[in-house]
Amino acid sequence: MDSRHYVIIGNGVSGITFARHLRKGDSQARITVISGESPYFFSRTALMYVYMGQMKWEHTHPYEPHFWKKNRIELLQAWVRTLDFETKTLGLASGETLNYDILVLATGSKPAFFGWPGEDLKGVQGLYTKQDLELMETTTSNGIQRAVIVGGGLIGIEMAEMLTYKKIPVTFLVRESRFWEQVLPEQEASLVQNHIVEHSIDLHLKTELKEILADEQGNVRAVVTSAGEEITCSFVGIATGVIPNVEFLKNTGLSIDKGIQVNSYFESSVPDVYAIGDCAEFEQPPGPGRRTLEQVWYTGRMHGETLAHNFCNQRVRYQPGVWFNSAKFFAIEFQIYGLVSTEPSEMAPYFYWEHRLGKVSFRMELDEAGKIAGVINLGFRLRHEFFDRAIREKWSGQLVIQRLEEGVFDSEFYAPYHLQIQQAFQSQFGLEISIKKRSFLQKIFGARL
Amino acid sequence: MRKSEIIGLILFIVGMSVFTALPFLSSYRLSEAMVRDQVKEEHRDKLAELIQPMYGQSYSSTHAFLRAYSSNFDPYNEELKANQAWDQVIWDDYGFALAKAAMDGPGRTNPWINLGLSIGLIVLGGILFNFRRQGTAHASLAHTGVFHSTLKNRGLLGMLTGTYLILFYVILYWFPAYLASLVWMVEPISQFLSGGPASQWFLYGLVYTLAIGVMGVRMLLKYRDNRYQQLRTASLVFFQTAFAFLIPEVLVLLNKPYFDFKNIWPLDYDFFYDYQLDTFISSGGLGLFMLIWGILLIVLGVPLFTYFYGKRWYCSWVCGCGGLAETVGDGFRHLSDKSLKAWQWERWLIHGVLALAVVMTTLTIVNYFSSFSLLGQVTNQLHSFYGFAIGSAFAGVVGTGFYPLMGNRVWCRFGCPLAAYLGLVQRFKSRFRITTNGGQCISCGNCSTHCEMGIDVRAYAQQGQNIVRSSCVGCGVCASVCPRGVLKLENGPEEGRIHEFPILIGNDSIKLRM
């Protein structure tokens, strides 16, 4: 092993996963992680819980401060301003410089703003960084009569939940005809929308932001929607997606389109410079049904693991397995395993079941041969290992439903939704499923359907 | 706040005020007849003589009464001790018994009214306050705001609550005479249940059981869409009410030994004390059954149930300390320390207490069967040290008084010797584990934050590793609070239970050893 100096820009999940695995495989390497955002790695996914008083800031740290010293990972809180790939030198905002042998860019994303008039006003913001959280805490600490959230995706609904915690009335603008249209089919979206409305959120579908209006002090006063409606508000949350955070890397000679262009080994156009996580854009999608930009927690982690492996062992291509993701919409949990179409088509027959109270649903998409392609479940939990295997081994839909009980990950004594799913599947497809009865104890103590 | 909450809060505060004020409203007048009635035969004449100056005197406060008692009684004992006349020293503390007998005040003259105005209002207010408050959110959303709360995040209200609880325990264990008026207040209930007079322990048991009941209702509402939480809360309330409170009282009514059938040595540290063994042996068939039952729980019950279900079967379904922690203490669970340092302390302390309990009990038993020839009075000194340091100071004052400061499981985590024993079985021979759902963890930290035992659950979950820890009491809150459906309490085959090298699902490029 060598004692090269690895410098990682960004201490999010990709950068830190890379650093940790590099240290595991290479005890000699010098490892430096630079971040201007925060001194320590924190879980970005937990920002909302800090806002809602469910966690404190220090709880977002997956590792205690002594961890970094013990693993000899140097942490540097600084902003990188200049990069010189010729001399392998980074220039920091403080004026200091730093040399690297290997540079790993893990700079993440930033909220996408689309040039709306008034988007720079006080009270308009996205939610991605620690600083965004702090800003949101300050801005919404008092006197907010109404907030408007723009963008029907995961961050949008999180912001809506956060503001609801503070009892701030929320108007939620969604450009598409349904919530999270890129991922959720009609029925699921409708289920989630009902839940959103239940939380007293004023949901506007097919409505875009046109303009943000200011008061005399330069604060938000109102927004104007594509429907021509003017909504009085003093906070606007922009959640119309994220884009790679690569602004400061432009004109450095690095090949950048939407993100930093990399091959399936995370190699950029410049030797010894790599990119992982949200900021990396693959030349080719890394797998069937995958996008060239992968901007979720899990993929960031996998990028980091794989690149670290490549420095310590034989080089391998990044090859993600069966797709999975999860989210939570207020109280309703969402999981997806495999690939599920958002629009019905002849090519993709599906089975859909929804619980009578409209809080739990299960969808399984099949291919033309009746093999499982993917599932989406809302309001109950499914076992990753089970569905990863079923999809990988191309189980028939019938087999999956037959063995569904093994695939349920709900807590003990929960309502046995799988029984209803099995019955529904049986009657819809006319296939024989042997349905196991609940045990005596479950019948007495378990939750009712 | 809604109207019902405000009314509930007001009732609760009035009740607490009456409860706190009652001890200050009592006066004392002692007579020789009372002393003769309350004091053991061997001390009767001496004590009656010593405190003679107190007879007929009126004392307007507990403090004045106790001071007079000490000034008359203490010099006698001091002198004996100075002369090393140990066997003549009066070790018994008659302060409480005499204070209770000599007391006059509203708690004694109007017990029912005062009971209603204090504990009654506290119960009513507590239920009213929690009924609507917990009645709206889903279980998985029920943890918001705990760090914005002055009570639940070591704010002023938290500090005041902690101080109040600590003071209550200090008074209960070492200055019970101050509680005389409150004890009189519950006298009718004690007479009804056991046919005997109430002691400070009866008062404590009643308050404890009611607290678990009221806050148990709160738990049922808070977790009304989580059947696991509901069942174990109902179980805790049941075992406290029936096994810890009612059955022992009824046994006394039937002239049988006071016995809690669910309390297990070494938590029940005096189970093998000489006077206990004497009681069992002298109480016929039932006494013998109690002895055998208690031993069976230790040698068979704990290993078997823990093998099949993990230590949760006891700690978060049956135990009285667990009952209080999971109901009254629920709002403080996130205050437990998650640091590695705390874990190091935990392992030394809890296993240290277990070792101490084992040594003490072994000596006691050896001593008992050798008719006290071997070690004489050494065991008594050990007993009083253990009773003071572990039984009272650690389990009571720190264990419960520190809820608002260090979380609701301080005793269970750092001190309980039975938890240590259950934990050893759970760690090395059990089917219980918390399973991690493949690669779904997002490291958010909700599980670790809300773990009352201070386990860094996330450290396991984020590397796809099953959580197998001796301290886990299986409360199930990590699974409930997880926003991504990652955690599940399971009993399953021992094989593959402990992942030395877990693999996170989802990345086909490499097979990682975490």
# chains A, B, ... in the order shown; residues from 1 in each chain; ligands from 1

call {"tool": "closest_atom_pairs", "arguments": {"of": "chain B", "to": "chain A", "cutoff": "8 Å", "atoms": "only C-alpha atoms", "output": "Markdown table"}}
result
| residue | atom | partner | partner_atom | distance |
| --- | --- | --- | --- | --- |
| B:His138 | CA | A:Ala331 | CA | 6.4 |
| B:Ser140 | CA | A:Ala331 | CA | 6.2 |
| B:Leu141 | CA | A:Ala331 | CA | 6.4 |
| B:His143 | CA | A:Gln54 | CA | 5.8 |
| B:Thr144 | CA | A:Gln54 | CA | 4.4 |
| B:Gly145 | CA | A:Gly53 | CA | 4.1 |
| B:Val146 | CA | A:Gly53 | CA | 5.7 |
| B:Phe147 | CA | A:Gly53 | CA | 4.7 |
| B:His148 | CA | A:Gly53 | CA | 5.4 |
| B:Asn226 | CA | A:Tyr414 | CA | 7.2 |
| B:Arg227 | CA | A:Phe413 | CA | 5.8 |
| B:Tyr228 | CA | A:Phe413 | CA | 5.9 |
| B:Leu231 | CA | A:Phe445 | CA | 7.6 |
| B:Ser339 | CA | A:Glu64 | CA | 7.4 |
| B:Asn437 | CA | A:His384 | CA | 5.7 |
| B:Gly438 | CA | A:His384 | CA | 5.2 |
| B:Gly439 | CA | A:His384 | CA | 7.3 |
| B:Gln440 | CA | A:Ser326 | CA | 7.1 |
| B:Ile442 | CA | A:Trp297 | CA | 6.6 |
| B:Ser443 | CA | A:Ser43 | CA | 6.0 |
| B:Cys444 | CA | A:Ala46 | CA | 4.8 |
| B:Gly445 | CA | A:Thr60 | CA | 5.9 |
| B:Asn446 | CA | A:Met55 | CA | 7.0 |
| B:Ser448 | CA | A:His59 | CA | 7.9 |
| B:Thr449 | CA | A:His59 | CA | 6.3 |
| B:Arg458 | CA | A:Pro62 | CA | 7.2 |
| B:Ala459 | CA | A:Pro62 | CA | 7.0 |
| B:Ala479 | CA | A:Ser411 | CA | 7.4 |
| B:Pro483 | CA | A:Lys328 | CA | 6.1 |
| B:Arg484 | CA | A:Ser326 | CA | 6.0 |
| B:Gly485 | CA | A:Arg381 | CA | 5.7 |
| B:Lys488 | CA | A:Ser411 | CA | 5.7 |
| B:Leu489 | CA | A:Ser411 | CA | 6.7 |
| B:Glu490 | CA | A:Glu412 | CA | 7.8 |
| B:Ile505 | CA | A:Glu385 | CA | 7.2 |
| B:Gly506 | CA | A:Gly321 | CA | 4.8 |
| B:Asn507 | CA | A:Pro320 | CA | 4.6 |
| B:Asp508 | CA | A:Gly321 | CA | 4.9 |
| B:Ser509 | CA | A:Gln319 | CA | 4.7 |
| B:Ile510 | CA | A:Thr306 | CA | 6.8 |
| B:Leu512 | CA | A:Glu305 | CA | 8.0 |

call {"tool": "write_last_selection", "arguments": {"atoms": "N, CA and C atoms", "output": "tab-separated table (two decimals), in the first residue's frame"}}
result
chain	number	residue	atom	x	y	z
B	138	HIS	N	-50.35	10.20	14.91
B	138	HIS	CA	-49.99	8.80	14.72
B	138	HIS	C	-48.79	8.47	15.60
B	140	SER	N	-46.05	7.06	14.97
B	140	SER	CA	-44.74	7.34	14.41
B	140	SER	C	-44.45	8.83	14.39
B	141	LEU	N	-45.46	9.66	14.64
B	141	LEU	CA	-45.22	11.10	14.68
B	141	LEU	C	-45.25	11.61	16.10
B	143	HIS	N	-43.19	11.60	18.51
B	143	HIS	CA	-41.97	11.97	19.21
B	143	HIS	C	-41.49	13.38	18.88
B	144	THR	N	-42.27	14.10	18.10
B	144	THR	CA	-41.85	15.45	17.75
B	144	THR	C	-41.92	16.33	18.99
B	145	GLY	N	-41.05	17.32	19.01
B	145	GLY	CA	-41.15	18.35	20.04
B	145	GLY	C	-40.51	18.02	21.37
B	146	VAL	N	-40.00	16.80	21.53
B	146	VAL	CA	-39.46	16.47	22.86
B	146	VAL	C	-38.26	17.36	23.20
B	147	PHE	N	-37.51	17.76	22.19
B	147	PHE	CA	-36.35	18.61	22.48
B	147	PHE	C	-36.70	20.10	22.53
B	148	HIS	N	-37.95	20.40	22.28
B	148	HIS	CA	-38.40	21.78	22.45
B	148	HIS	C	-39.18	21.94	23.75
B	226	ASN	N	-50.19	1.16	17.25
B	226	ASN	CA	-49.03	0.27	17.38
B	226	ASN	C	-49.36	-0.82	18.41
B	227	ARG	N	-49.78	-1.96	17.93
B	227	ARG	CA	-50.30	-2.99	18.81
B	227	ARG	C	-49.24	-3.52	19.78
B	228	TYR	N	-48.00	-3.60	19.32
B	228	TYR	CA	-46.94	-4.10	20.20
B	228	TYR	C	-46.82	-3.23	21.46
B	231	LEU	N	-49.88	-3.71	23.77
B	231	LEU	CA	-49.91	-4.97	24.52
B	231	LEU	C	-48.93	-4.95	25.68
B	339	SER	N	-23.16	7.77	24.23
B	339	SER	CA	-21.74	7.77	23.91
B	339	SER	C	-21.08	6.43	24.26
B	437	ASN	N	-33.39	-3.98	8.12
B	437	ASN	CA	-34.01	-4.28	6.83
B	437	ASN	C	-33.08	-4.00	5.65
B	438	GLY	N	-32.20	-4.95	5.38
B	438	GLY	CA	-31.34	-4.85	4.20
B	438	GLY	C	-30.54	-3.57	4.18
B	439	GLY	N	-30.66	-2.84	3.09
B	439	GLY	CA	-29.86	-1.62	2.95
B	439	GLY	C	-30.67	-0.35	3.16
B	440	GLN	N	-31.85	-0.45	3.79
B	440	GLN	CA	-32.77	0.69	3.82
B	440	GLN	C	-32.41	1.79	4.81
B	442	ILE	N	-31.06	5.04	6.52
B	442	ILE	CA	-30.54	6.33	6.05
B	442	ILE	C	-29.75	7.05	7.14
B	443	SER	N	-29.34	6.32	8.17
B	443	SER	CA	-28.49	6.89	9.23
B	443	SER	C	-29.07	8.12	9.90
B	444	CYS	N	-30.38	8.28	9.89
B	444	CYS	CA	-30.95	9.51	10.41
B	444	CYS	C	-30.73	9.66	11.91
B	445	GLY	N	-30.71	8.51	12.61
B	445	GLY	CA	-30.40	8.58	14.03
B	445	GLY	C	-31.61	8.64	14.96
B	446	ASN	N	-32.81	8.54	14.42
B	446	ASN	CA	-33.99	8.53	15.29
B	446	ASN	C	-33.95	7.36	16.27
B	448	SER	N	-31.35	5.71	17.56
B	448	SER	CA	-30.39	5.93	18.65
B	448	SER	C	-30.89	7.02	19.60
B	449	THR	N	-31.43	8.09	19.02
B	449	THR	CA	-31.90	9.19	19.85
B	449	THR	C	-32.95	8.73	20.84
B	458	ARG	N	-28.30	2.99	15.46
B	458	ARG	CA	-27.92	3.37	14.11
B	458	ARG	C	-26.59	2.76	13.69
B	459	ALA	N	-25.65	2.66	14.63
B	459	ALA	CA	-24.34	2.12	14.29
B	459	ALA	C	-24.47	0.73	13.69
B	479	ALA	N	-38.08	0.69	16.45
B	479	ALA	CA	-38.80	0.23	15.27
B	479	ALA	C	-39.95	1.18	14.94
B	483	PRO	N	-38.16	6.07	10.37
B	483	PRO	CA	-38.99	6.56	9.27
B	483	PRO	C	-38.85	5.75	7.98
B	484	ARG	N	-38.02	4.73	7.99
B	484	ARG	CA	-37.82	3.99	6.75
B	484	ARG	C	-38.11	2.50	6.89
B	485	GLY	N	-38.74	2.13	7.94
B	485	GLY	CA	-39.12	0.72	8.10
B	485	GLY	C	-37.93	-0.21	8.18
B	488	LYS	N	-36.91	-4.24	13.15
B	488	LYS	CA	-37.98	-5.16	13.55
B	488	LYS	C	-37.48	-6.07	14.66
B	489	LEU	N	-38.22	-6.10	15.77
B	489	LEU	CA	-37.88	-7.01	16.86
B	489	LEU	C	-38.34	-8.40	16.47
B	490	GLU	N	-37.44	-9.35	16.53
B	490	GLU	CA	-37.80	-10.69	16.08
B	490	GLU	C	-37.22	-11.75	16.99
B	505	ILE	N	-27.48	-4.88	1.32
B	505	ILE	CA	-28.04	-5.28	0.03
B	505	ILE	C	-28.08	-4.08	-0.91
B	506	GLY	N	-27.87	-4.31	-2.17
B	506	GLY	CA	-28.14	-3.27	-3.15
B	506	GLY	C	-26.98	-2.90	-4.04
B	507	ASN	N	-25.76	-3.25	-3.63
B	507	ASN	CA	-24.61	-2.92	-4.46
B	507	ASN	C	-24.00	-4.21	-4.99
B	508	ASP	N	-24.15	-4.44	-6.29
B	508	ASP	CA	-23.65	-5.69	-6.86
B	508	ASP	C	-22.18	-5.60	-7.26
B	509	SER	N	-21.61	-4.41	-7.18
B	509	SER	CA	-20.22	-4.26	-7.63
B	509	SER	C	-19.28	-5.08	-6.78
B	510	ILE	N	-19.54	-5.07	-5.48
B	510	ILE	CA	-18.61	-5.67	-4.55
B	510	ILE	C	-19.39	-6.33	-3.43
B	512	LEU	N	-19.10	-6.37	0.37
B	512	LEU	CA	-18.34	-5.66	1.38
B	512	LEU	C	-18.40	-6.35	2.72

call {"tool": "residues_around", "arguments": {"residues": "B:Asn380", "least_positions_apart": "4", "cutoff": "12 Å", "atoms": "only C-alpha atoms", "output": "list of chain:residue names"}}
result
B:Trp91, B:Asp270, B:Tyr273, B:Asp274, B:Tyr275, B:Met360, B:Thr361, B:Leu363, B:Thr364, B:Asn367, B:Tyr368, B:Phe372, B:Leu375, B:Gly376, B:Ser384, B:Phe385, B:Tyr386, B:Gly387

call {"tool": "residues_around", "arguments": {"residues": "B:Pro176", "least_positions_apart": "5", "cutoff": "8 Å", "atoms": "only C-alpha atoms", "output": "VMD selection string"}}
result
chain B and resid 96 171 200

call {"tool": "write_last_selection", "arguments": {"atoms": "N, CA and C atoms", "output": "CSV table (one decimal), in the first residue's frame"}}
result
chain,number,residue,atom,x,y,z
B,96,PHE,N,-40.6,7.0,62.4
B,96,PHE,CA,-41.8,7.0,61.6
B,96,PHE,C,-43.0,6.5,62.4
B,171,ILE,N,-36.8,11.5,51.2
B,171,ILE,CA,-37.7,11.5,52.3
B,171,ILE,C,-38.3,10.1,52.6
B,200,GLN,N,-45.3,3.7,55.0
B,200,GLN,CA,-44.8,4.5,53.9
B,200,GLN,C,-44.7,3.7,52.6

call {"tool": "closest_residue", "arguments": {"among": "B:Gln88, B:Asp74, B:Ile390, B:Leu25", "to": "B:Leu50", "atoms": "only C-alpha atoms"}}
result
B:Asp74

call {"tool": "residues_around", "arguments": {"residues": "A:Leu92", "least_positions_apart": "3", "cutoff": "7 Å", "atoms": "only C-alpha atoms", "output": "number ranges by chain"}}
result
A: 78-82, 95-97

call {"tool": "write_last_selection", "arguments": {"atoms": "N, CA and C atoms", "output": "PDB file, in the first residue's frame"}}
result
ATOM      1  N   ALA A  78     -13.617  23.999   5.681  1.00  0.00           N
ATOM      2  CA  ALA A  78     -13.180  25.085   4.805  1.00  0.00           C
ATOM      3  C   ALA A  78     -13.948  24.989   3.495  1.00  0.00           C
ATOM      4  N   TRP A  79     -13.989  26.098   2.800  1.00  0.00           N
ATOM      5  CA  TRP A  79     -14.584  26.105   1.456  1.00  0.00           C
ATOM      6  C   TRP A  79     -13.463  26.083   0.434  1.00  0.00           C
ATOM      7  N   VAL A  80     -13.580  25.218  -0.557  1.00  0.00           N
ATOM      8  CA  VAL A  80     -12.589  25.179  -1.630  1.00  0.00           C
ATOM      9  C   VAL A  80     -13.001  26.199  -2.689  1.00  0.00           C
ATOM     10  N   ARG A  81     -12.061  27.083  -3.046  1.00  0.00           N
ATOM     11  CA  ARG A  81     -12.391  28.123  -4.025  1.00  0.00           C
ATOM     12  C   ARG A  81     -11.771  27.831  -5.393  1.00  0.00           C
ATOM     13  N   THR A  82     -10.526  27.346  -5.384  1.00  0.00           N
ATOM     14  CA  THR A  82      -9.853  27.125  -6.668  1.00  0.00           C
ATOM     15  C   THR A  82      -9.269  25.722  -6.737  1.00  0.00           C
ATOM     16  N   GLY A  95      -7.410  31.336   1.921  1.00  0.00           N
ATOM     17  CA  GLY A  95      -6.151  31.695   1.282  1.00  0.00           C
ATOM     18  C   GLY A  95      -5.131  30.583   1.357  1.00  0.00           C
ATOM     19  N   GLU A  96      -5.349  29.616   2.230  1.00  0.00           N
ATOM     20  CA  GLU A  96      -4.410  28.489   2.330  1.00  0.00           C
ATOM     21  C   GLU A  96      -4.536  27.590   1.107  1.00  0.00           C
ATOM     22  N   THR A  97      -3.530  26.751   0.905  1.00  0.00           N
ATOM     23  CA  THR A  97      -3.608  25.785  -0.183  1.00  0.00           C
ATOM     24  C   THR A  97      -3.377  24.388   0.370  1.00  0.00           C
TER      25      THR A  97
END

call {"tool": "select_by_dssp", "arguments": {"residues": "stretch 91-299 of chain A", "states": "alpha helix (DSSP H)", "output": "VMD selection string"}}
result
chain A and resid 130 to 139 154 to 165 186 to 198 297 to 299

call {"tool": "write_last_selection", "arguments": {"atoms": "C-alpha atoms", "output": "mmCIF file, in the first residue's frame"}}
result
data_model
loop_
_atom_site.group_PDB
_atom_site.id
_atom_site.type_symbol
_atom_site.label_atom_id
_atom_site.label_comp_id
_atom_site.auth_asym_id
_atom_site.auth_seq_id
_atom_site.Cartn_x
_atom_site.Cartn_y
_atom_site.Cartn_z
ATOM 1 C CA LYS A 130 -27.257 22.726 7.558
ATOM 2 C CA GLN A 131 -27.330 26.429 6.770
ATOM 3 C CA ASP A 132 -30.707 26.022 5.044
ATOM 4 C CA LEU A 133 -32.033 24.411 8.216
ATOM 5 C CA GLU A 134 -30.704 27.230 10.381
ATOM 6 C CA LEU A 135 -32.157 29.801 8.020
ATOM 7 C CA MET A 136 -35.514 28.080 8.033
ATOM 8 C CA GLU A 137 -35.498 27.910 11.831
ATOM 9 C CA THR A 138 -34.808 31.642 12.060
ATOM 10 C CA THR A 139 -37.203 32.703 9.326
ATOM 11 C CA LEU A 154 -39.852 14.375 -1.079
ATOM 12 C CA ILE A 155 -38.329 17.628 0.169
ATOM 13 C CA GLY A 156 -41.575 19.467 -0.505
ATOM 14 C CA ILE A 157 -43.622 17.155 1.661
ATOM 15 C CA GLU A 158 -40.928 17.188 4.346
ATOM 16 C CA MET A 159 -41.029 20.978 4.471
ATOM 17 C CA ALA A 160 -44.797 20.838 4.652
ATOM 18 C CA GLU A 161 -44.577 18.451 7.593
ATOM 19 C CA MET A 162 -41.990 20.655 9.324
ATOM 20 C CA LEU A 163 -44.114 23.767 9.004
ATOM 21 C CA THR A 164 -47.185 21.871 10.142
ATOM 22 C CA TYR A 165 -45.311 20.962 13.307
ATOM 23 C CA GLU A 186 -52.052 7.245 -9.814
ATOM 24 C CA GLN A 187 -53.552 5.241 -6.925
ATOM 25 C CA GLU A 188 -50.598 5.659 -4.591
ATOM 26 C CA ALA A 189 -50.350 9.359 -5.340
ATOM 27 C CA SER A 190 -54.020 9.746 -4.582
ATOM 28 C CA LEU A 191 -53.637 7.889 -1.287
ATOM 29 C CA VAL A 192 -50.783 10.172 -0.270
ATOM 30 C CA GLN A 193 -52.661 13.270 -1.405
ATOM 31 C CA ASN A 194 -55.595 12.363 0.828
ATOM 32 C CA HIS A 195 -53.176 12.042 3.703
ATOM 33 C CA ILE A 196 -51.629 15.425 2.895
ATOM 34 C CA VAL A 197 -55.030 17.090 2.866
ATOM 35 C CA GLU A 198 -55.890 15.372 6.159
ATOM 36 C CA TRP A 297 -28.742 8.391 0.076
ATOM 37 C CA TYR A 298 -28.242 4.749 -0.808
ATOM 38 C CA THR A 299 -26.552 5.314 -4.125
#

call {"tool": "atom_distance", "arguments": {"atom1": "atom CA of B:Asp87", "atom2": "atom CA of B:Lys40"}}
result
15.2 Å

call {"tool": "atom_distance", "arguments": {"atom1": "atom CA of A:Ala275", "atom2": "atom CA of A:Pro244"}}
result
11.1 Å

call {"tool": "residues_around", "arguments": {"residues": "B:Ile298", "least_positions_apart": "6", "cutoff": "10 Å", "atoms": "only C-alpha atoms", "output": "list of chain:residue names"}}
result
B:Ile264, B:Trp265, B:Pro266, B:Ile292, B:Leu418, B:Tyr421, B:Leu422

call {"tool": "atom_distance", "arguments": {"atom1": "atom CA of A:Glu432", "atom2": "atom CA of A:Ile444"}}
result
27.6 Å

call {"tool": "residues_around", "arguments": {"residues": "B:Leu124", "least_positions_apart": "4", "cutoff": "10 Å", "atoms": "only C-alpha atoms", "output": "PyMOL selection string"}}
result
chain B and resi 7-9+11-12+15+116+119-120+128-129+214

call {"tool": "select_by_dssp", "arguments": {"residues": "stretch 9-142 of chain A", "states": "strand (DSSP E)", "output": "VMD selection string"}}
result
chain A and resid 9 30 to 35 73 to 77 80 to 84 89 to 92 97 to 99 102 to 105 109 to 111 124 to 125

call {"tool": "decode", "arguments": {"residues": "stretch 399-416 of chain B", "atoms": "C-alpha atoms", "output": "compact mmCIF listing (two decimals), in the first residue's frame"}}
result
# COMPACT_ATOMS: atom_id res chain seq x y z
CA GLY B 399 -33.07 5.37 39.18
CA THR B 400 -36.28 7.34 39.25
CA GLY B 401 -35.29 10.77 40.52
CA PHE B 402 -32.95 11.17 37.58
CA TYR B 403 -35.59 10.42 34.91
CA PRO B 404 -35.70 14.06 33.77
CA LEU B 405 -31.90 14.31 33.82
CA MET B 406 -30.49 11.05 32.46
CA GLY B 407 -33.49 9.29 30.95
CA ASN B 408 -35.93 6.71 32.21
CA ARG B 409 -33.73 3.65 32.43
CA VAL B 410 -30.80 4.79 34.54
CA TRP B 411 -31.31 2.01 37.07
CA CYS B 412 -32.16 -0.67 34.50
CA ARG B 413 -29.17 0.23 32.41
CA PHE B 414 -26.46 0.91 34.97
CA GLY B 415 -27.59 -0.85 38.13
CA CYS B 416 -30.13 -3.62 37.98
